>>> print(open('protein31.cif').read())   # mmCIF, C-alpha atoms
data_model
loop_
_atom_site.label_atom_id
_atom_site.label_comp_id
_atom_site.auth_asym_id
_atom_site.auth_seq_id
_atom_site.Cartn_x
_atom_site.Cartn_y
_atom_site.Cartn_z
CA MET V 8 48.84 116.81 197.93
CA VAL V 9 46.43 114.00 197.04
CA ALA V 10 47.90 110.52 197.42
CA GLU V 11 47.81 108.33 194.32
CA PHE V 12 47.47 104.55 194.26
CA HIS V 13 47.99 102.17 191.39
CA TYR V 14 45.30 99.70 190.36
CA ARG V 15 44.72 97.22 187.58
CA LEU V 16 42.11 94.74 186.42
CA PRO V 17 42.85 91.02 186.83
CA GLY V 18 41.96 90.46 183.17
CA LYS V 19 41.76 92.56 180.03
CA ALA V 20 39.48 95.54 179.71
CA ARG V 21 36.51 95.30 177.38
CA SER V 22 36.27 98.88 176.26
CA GLN V 23 36.68 100.76 173.01
CA ARG V 24 37.85 103.87 174.83
CA PRO V 25 41.63 104.34 174.65
CA GLY V 26 43.34 104.33 178.03
CA GLY V 27 45.98 102.61 180.15
CA HIS V 28 44.68 99.04 180.61
CA HIS V 29 45.43 95.93 178.60
CA SER V 30 42.59 94.98 176.28
CA ASN V 31 41.74 92.69 173.35
CA MET V 32 40.79 95.63 171.17
CA SER V 33 42.73 96.53 168.05
CA GLY V 34 43.72 100.13 167.60
CA GLY V 35 46.46 102.67 167.92
CA GLY V 36 48.53 100.96 170.57
CA MET V 37 52.23 100.05 170.55
CA ILE V 38 51.92 96.31 171.26
CA PHE V 39 52.01 94.14 168.11
CA ARG V 40 49.08 91.75 167.99
CA ARG V 41 49.08 89.99 164.60
CA HIS V 42 49.19 90.38 160.85
CA VAL V 43 45.92 90.82 158.95
CA SER V 44 45.21 91.37 155.29
CA LEU V 45 44.93 94.86 153.90
CA PHE V 46 41.31 94.09 153.01
CA ALA V 47 40.51 93.24 156.65
CA SER V 48 42.28 96.36 157.93
CA PRO V 49 42.52 98.94 155.12
CA ASP V 50 45.31 101.05 156.62
CA PRO V 51 48.20 101.28 154.13
CA ARG V 52 50.33 103.11 156.72
CA ARG V 53 50.82 99.80 158.50
CA ILE V 54 51.70 97.61 155.53
CA ASP V 55 54.44 95.13 156.46
CA ILE V 56 56.60 94.79 153.34
CA ARG V 57 58.51 91.72 154.57
CA ALA V 58 55.38 89.81 155.55
CA SER V 59 53.75 90.71 152.23
CA LEU V 60 56.78 89.57 150.17
CA ARG V 61 56.87 86.23 152.02
CA ASP V 62 53.24 85.47 151.17
CA PRO V 63 53.06 83.04 148.22
CA ALA V 64 49.53 84.28 147.48
CA GLU V 65 51.00 87.78 147.06
CA GLN V 66 48.58 89.45 149.45
CA TRP V 67 49.29 92.70 151.20
CA TRP V 68 49.61 92.30 154.97
CA VAL V 69 49.37 95.01 157.59
CA ARG V 70 50.37 95.07 161.24
CA GLU V 71 47.56 95.09 163.79
CA TYR V 72 48.29 96.53 167.22
CA GLN V 73 46.66 96.02 170.58
CA GLN V 74 45.03 99.13 171.98
CA ARG V 75 45.07 99.94 175.66
CA ALA V 76 41.65 100.79 177.05
CA ALA V 77 40.07 103.06 179.63
CA ILE V 78 37.64 101.75 182.25
CA PRO V 79 35.06 103.27 184.61
CA VAL V 80 36.17 103.40 188.26
CA VAL V 81 33.33 103.70 190.77
CA VAL V 82 33.43 104.07 194.55
CA VAL V 83 30.30 102.73 196.24
CA LEU V 84 30.42 104.39 199.65
CA ASP V 85 28.60 103.54 202.85
CA VAL V 86 27.66 106.87 204.44
CA SER V 87 25.55 105.46 207.28
CA THR V 88 25.83 106.51 210.91
CA SER V 89 28.47 103.95 211.85
CA MET V 90 30.81 105.40 209.23
CA GLY V 91 31.11 108.48 211.44
CA PHE V 92 32.95 106.47 214.12
CA ARG V 93 36.01 108.11 215.69
CA GLY V 94 38.50 105.88 217.44
CA MET V 95 42.18 105.77 216.69
CA GLN V 96 41.20 107.17 213.29
CA ASN V 97 38.39 109.33 211.94
CA ARG V 98 36.49 106.91 209.73
CA ALA V 99 34.56 109.59 207.81
CA ARG V 100 37.80 111.37 206.97
CA ALA V 101 39.45 108.10 205.92
CA ALA V 102 36.51 107.39 203.59
CA ALA V 103 36.71 110.89 202.10
CA ASN V 104 40.46 110.49 201.59
CA PHE V 105 39.85 107.20 199.80
CA VAL V 106 37.30 108.79 197.46
CA GLU V 107 39.59 111.73 196.71
CA SER V 108 42.56 109.45 196.04
CA ALA V 109 40.50 107.11 193.84
CA ALA V 110 39.27 110.04 191.75
CA TRP V 111 42.77 111.46 191.39
CA SER V 112 44.25 108.04 190.52
CA ALA V 113 41.55 107.38 187.91
CA ASN V 114 42.14 110.79 186.35
CA ARG V 115 45.90 110.19 186.21
CA ASN V 116 45.27 106.82 184.56
CA GLY V 117 42.94 108.23 181.91
CA ASP V 118 39.88 106.53 183.42
CA ARG V 119 36.46 107.95 184.28
CA PHE V 120 35.38 108.18 187.92
CA GLY V 121 32.02 107.94 189.65
CA LEU V 122 30.67 107.88 193.21
CA ILE V 123 27.51 106.31 194.65
CA GLY V 124 26.70 106.86 198.32
CA PHE V 125 24.14 104.88 200.31
CA ASP V 126 22.73 104.34 203.78
CA GLN V 127 19.09 103.25 204.14
CA ARG V 128 18.62 104.75 200.68
CA LEU V 129 20.70 106.07 197.81
CA ARG V 130 22.16 109.47 198.72
CA GLU V 131 21.82 112.09 196.01
CA ASP V 132 24.20 114.40 197.90
CA CYS V 133 26.92 111.72 197.63
CA TRP V 134 26.55 110.88 193.97
CA LEU V 135 28.74 111.72 190.99
CA PRO V 136 28.10 110.36 187.49
CA VAL V 137 30.91 108.44 185.81
CA ARG V 138 33.01 110.98 183.92
CA GLN V 139 36.51 112.43 183.69
CA GLN V 140 35.67 115.95 184.88
CA ARG V 141 36.62 116.64 188.50
CA ALA V 142 34.89 120.01 188.88
CA ALA V 143 32.13 118.78 191.21
CA LEU V 144 34.38 116.46 193.24
CA GLU V 145 35.76 118.98 195.74
CA GLY V 146 32.35 119.92 197.07
CA VAL V 147 31.40 116.27 197.54
CA ILE V 148 34.69 115.53 199.33
CA GLN V 149 34.12 118.37 201.79
CA HIS V 150 30.57 117.16 202.33
CA LEU V 151 31.83 113.65 203.13
CA ARG V 152 34.37 114.97 205.62
CA HIS V 153 31.92 117.17 207.53
CA ASP V 154 28.52 115.57 206.99
CA SER V 155 26.80 115.18 210.36
CA ALA V 156 23.38 114.32 208.94
CA ARG V 157 24.09 110.61 208.63
CA GLU V 158 21.27 108.10 208.77
CA ALA V 159 21.20 104.53 210.04
CA GLY V 160 20.72 101.65 207.64
CA TYR V 161 22.29 99.90 204.69
CA GLU V 162 19.25 98.98 202.55
CA GLY V 163 20.27 101.44 199.82
CA LEU V 164 23.05 99.07 198.79
CA ALA V 165 20.47 96.84 197.10
CA GLU V 166 19.69 99.66 194.62
CA VAL V 167 23.32 100.38 193.68
CA PRO V 168 23.89 97.70 190.97
CA ALA V 169 21.20 99.27 188.79
CA TRP V 170 23.20 102.54 188.82
CA LEU V 171 26.58 101.06 187.94
CA PRO V 172 27.82 101.72 184.39
CA ARG V 173 27.03 99.08 181.79
CA GLU V 174 30.63 99.03 180.67
CA PRO V 175 32.64 96.59 182.85
CA GLY V 176 35.03 98.36 185.19
CA LEU V 177 36.45 98.55 188.70
CA VAL V 178 34.17 99.04 191.70
CA PHE V 179 35.35 99.82 195.24
CA LEU V 180 32.76 99.01 197.90
CA VAL V 181 33.89 101.10 200.90
CA SER V 182 32.21 100.39 204.23
CA ASP V 183 32.74 99.16 207.78
CA PHE V 184 30.57 96.16 206.79
CA HIS V 185 28.58 96.28 209.99
CA TRP V 186 25.62 94.78 208.19
CA PRO V 187 24.63 91.21 207.14
CA VAL V 188 27.19 89.43 204.97
CA GLU V 189 24.26 88.20 202.89
CA MET V 190 23.93 91.79 201.63
CA LEU V 191 27.52 91.66 200.37
CA LYS V 192 26.86 88.36 198.61
CA ARG V 193 23.75 89.77 196.92
CA PHE V 194 25.65 92.88 195.82
CA LEU V 195 28.48 90.83 194.29
CA GLU V 196 25.98 88.65 192.45
CA ASN V 197 24.21 91.68 190.98
CA SER V 198 27.38 93.59 190.11
CA ARG V 199 28.79 91.23 187.53
CA PRO V 200 30.73 91.72 185.24
CA HIS V 201 32.50 94.47 187.21
CA HIS V 202 35.58 93.67 189.27
CA VAL V 203 34.59 94.55 192.85
CA VAL V 204 37.06 95.29 195.64
CA PRO V 205 35.36 95.42 199.08
CA VAL V 206 37.32 97.89 201.23
CA ALA V 207 36.69 97.48 204.97
CA LEU V 208 37.49 100.58 207.03
CA TRP V 209 37.98 99.18 210.52
CA ASP V 210 39.47 100.75 213.62
CA ARG V 211 41.49 98.88 216.22
CA ALA V 212 39.67 100.84 218.92
CA GLU V 213 36.51 98.92 218.02
CA TYR V 214 37.83 95.56 219.12
CA SER V 215 40.81 96.19 221.40
CA GLY V 216 41.84 98.38 224.30
CA TRP V 217 38.69 97.90 226.35
CA PRO V 218 39.08 97.84 230.16
CA ASN V 219 39.71 94.34 231.49
CA ARG V 220 36.83 94.61 233.91
CA GLY V 221 34.31 97.13 235.21
CA PHE V 222 31.59 99.46 233.97
CA ALA V 223 31.84 101.31 230.66
CA PHE V 224 29.57 103.29 228.35
CA ALA V 225 28.95 101.72 224.93
CA GLU V 226 27.19 103.40 222.03
CA ASP V 227 25.50 101.76 219.06
CA MET V 228 26.81 103.78 216.11
CA GLU V 229 23.79 102.99 213.95
CA SER V 230 20.96 103.69 216.38
CA GLY V 231 22.80 106.20 218.58
CA GLU V 232 21.68 104.27 221.66
CA ARG V 233 24.10 104.65 224.58
CA ARG V 234 24.06 102.32 227.54
CA LEU V 235 26.10 101.40 230.58
CA ILE V 236 27.51 97.88 230.39
CA TRP V 237 29.49 95.64 232.68
CA LEU V 238 32.74 94.34 231.17
CA ARG V 239 33.37 90.87 232.49
CA ARG V 240 36.69 89.10 232.37
CA GLY V 241 37.40 87.91 228.82
CA TRP V 242 35.42 90.70 227.14
CA ASN V 243 38.37 91.85 225.02
CA GLU V 244 39.04 88.34 223.75
CA GLU V 245 35.38 87.80 222.84
CA VAL V 246 35.11 91.08 220.93
CA GLU V 247 38.34 90.43 219.03
CA ALA V 248 37.20 86.88 218.23
CA ALA V 249 33.92 88.26 216.87
CA TYR V 250 35.83 90.60 214.54
CA LEU V 251 38.08 87.78 213.36
CA ALA V 252 35.01 85.67 212.60
CA ARG V 253 33.49 88.61 210.74
CA GLU V 254 36.64 89.04 208.69
CA ALA V 255 36.63 85.33 207.82
CA ASP V 256 32.98 85.56 206.67
CA ILE V 257 33.79 88.52 204.42
CA ARG V 258 36.84 86.78 202.94
CA ASP V 259 34.89 83.56 202.33
CA THR V 260 32.06 85.45 200.64
CA CYS V 261 34.49 87.24 198.34
CA GLN V 262 36.46 84.08 197.58
CA ALA V 263 33.30 82.47 196.18
CA PHE V 264 33.39 85.22 193.51
CA ASP V 265 37.17 84.99 193.03
CA LEU V 266 37.62 88.38 194.72
CA ARG V 267 39.82 89.63 197.56
CA PRO V 268 38.70 92.19 200.14
CA LEU V 269 41.01 94.91 201.45
CA PHE V 270 41.06 95.65 205.18
CA LEU V 271 42.32 99.09 206.21
CA ARG V 272 42.63 99.13 210.01
CA ASP V 273 44.74 102.25 210.44
CA GLY V 274 42.97 104.75 208.22
CA PHE V 275 43.46 105.26 204.50
CA SER V 276 46.80 104.33 202.96
CA ALA V 277 47.43 104.69 199.22
CA ASP V 278 50.38 102.30 199.53
CA ALA V 279 48.14 99.62 201.08
CA VAL V 280 45.69 99.94 198.18
CA SER V 281 48.51 99.65 195.63
CA ALA V 282 49.91 96.63 197.46
CA HIS V 283 46.53 94.93 197.28
CA PHE V 284 46.59 95.03 193.48
CA HIS V 285 50.10 93.60 193.43
CA GLY V 286 49.11 90.51 195.41
CA VAL V 287 50.24 91.60 198.86
CA ALA V 288 47.86 90.27 201.51
CA ALA V 289 46.01 92.71 203.76
#
>>> encode(input="protein31.cif", output="C-alpha cells")
Amino acid sequence: MVAEFHYRLPGKARSQRPGGHHSNMSGGGMIFRRHVSLFASPDPRRIDIRASLRDPAEQWWVREYQQRAAIPVVVVLDVSTSMGFRGMQNRARAAANFVESAAWSANRNGDRFGLIGFDQRLREDCWLPVRQQRAALEGVIQHLRHDSAREAGYEGLAEVPAWLPREPGLVFLVSDFHWPVEMLKRFLENSRPHHVVPVALWDRAEYSGWPNRGFAFAEDMESGERRLIWLRRGWNEEVEAAYLAREADIRDTCQAFDLRPLFLRDGFSADAVSAHFHGVAA
C-alpha cells in the first residue's frame, strides 16, 4: 500500500480550482467570509434575512463563503548518477517511493501532480505533466526504481523553473544536493511564487562507519571513478564535519527565502514528511 503524507501551504492558495486548501477565493465553501449585497453577488439562495432586516437602507444581503482551493504539486527529481547510491538505504528506491507517495497524497487531497526529472539535462523519460490522472505514473515509478542509465551532472536544474506551472503551488526538490549550493539559490530565485521544499536524501553510510585507518576503495558516484585511498586518523570526523557544513549551507540558503529543507537520512518516511509541515524539525 502506498504511504500517504499530509502537506499544506504556509499561506492561502491563489487558485480558482476547488480543492482542500485555504484560499481567499469566494465560492461554494462552508466557511463564512462576509456579507455582500445581492447586487454584488446575485445568488438569492444565500440571502440572509436577519442581516437584510437589520439594514436601515433596506438592502438585500447575501452570505459569501470562502472556497477551498486545489494547487499543483510538483516533484523536481534529481536522477543523476549519485542518486543511484546504495548504502544503508537504496537512494533510487527512496526517491521513487517519495514520488509515488507525493502523487498518491496529491490525488487524495484533490490536487494535480507533476514530475520533472533532471541530470545534466531535462529527462523526458522522467517527466509527467501536471494533472490529476495517474495512468502514466506506474510506468515512471518502475523506471525510477530500475533505471541504470543515469548520467552525471546537474545542469538541467537551471531549465526546470521554465517548466513549472504558472499557478502557484507546492514544489518538492528531491536530490542528494551533491552540487554547488549556488545552484539551489538560483533555483529558489527563479521558482517564485511557488513554495519550494528541498528534500535531501542522504545516507549515513556516506559520512560515517569508515575504517579508522588503512586503505579503502572510494568511488565518485558522479564520474564513476574508483580509486584506492589511505584513511588517516581523523578521517571519519573530517567527513562528518564536511556534511554538517554542507547541511548548514543548505539551511542558510533556504532561510534567506523563508523556506525549510527536509533531510531524510534513513530512506523515505511519509511520517517525516508530514512532521515537516507541522513544524517538527528534521
>>> closest_residue(input="protein31.cif", among="V:Ile148, V:Val181, V:Val188, V:Ile54", to="Met90 in chain V", atoms="only C-alpha atoms")
V:Val181
>>> closest_residue(input="protein31.cif", among="V:Gly94, V:Gly18, V:Pro79, V:Gly121", to="Pro175 in chain V", atoms="only C-alpha atoms")
V:Pro79
>>> residues_around(input="protein31.cif", residues="Glu145 in chain V", least_positions_apart="6", cutoff="12 Å", atoms="all atoms listed in the file", output="list in words")
Val9, Ala103, Asn104, Val106, Glu107, Ser108, Ala110, Trp111, Cys133, Leu135, Leu151 and Arg152 of chain V
>>> residues_around(input="protein31.cif", residues="Pro268 in chain V", least_positions_apart="5", cutoff="6 Å", atoms="all atoms listed in the file", output="ChimeraX atom specification")
/V:204-206
>>> atom_distance(input="protein31.cif", atom1="CA of Asp132 in chain V", atom2="CA of Gly176 in chain V")
23.2 Å
>>> closest_residue(input="protein31.cif", among="V:Arg115, V:Arg128, V:Arg70, V:Arg267", to="Phe179 in chain V", atoms="all atoms listed in the file")
V:Arg267
>>> closest_residue(input="protein31.cif", among="V:Ala77, V:His150, V:Tyr214, V:Glu174", to="Asp118 in chain V", atoms="all atoms listed in the file")
V:Ala77
>>> residues_around(input="protein31.cif", residues="range 248-260 of chain V", least_positions_apart="6", cutoff="10 Å", atoms="only C-alpha atoms", output="VMD selection string")
chain V and resid 184 to 185 187 to 189 191 to 192 195 205 207 209 213 to 214 242 266 to 270
>>> closest_residue(input="protein31.cif", among="V:Leu208, V:Met190, V:Ala64, V:Val81", to="Arg138 in chain V", atoms="only C-alpha atoms")
V:Val81
>>> closest_residue(input="protein31.cif", among="V:Asp126, V:Glu158, V:Glu196, V:Glu166", to="Cys261 in chain V", atoms="all atoms listed in the file")
V:Glu196
>>> residues_around(input="protein31.cif", residues="Gly163 in chain V", least_positions_apart="6", cutoff="9 Å", atoms="only C-alpha atoms", output="list in words")
Gly124, Phe125, Asp126, Gln127, Arg128, Leu129 and Arg130 of chain V
>>> write_last_selection(input="protein31.cif", atoms="C-alpha atoms", output="compact mmCIF listing (two decimals), keeping the file's coordinate frame")
# COMPACT_ATOMS: atom_id res chain seq x y z
CA GLY V 124 26.70 106.86 198.32
CA PHE V 125 24.14 104.88 200.31
CA ASP V 126 22.73 104.34 203.78
CA GLN V 127 19.09 103.25 204.14
CA ARG V 128 18.62 104.75 200.68
CA LEU V 129 20.70 106.07 197.81
CA ARG V 130 22.16 109.47 198.72
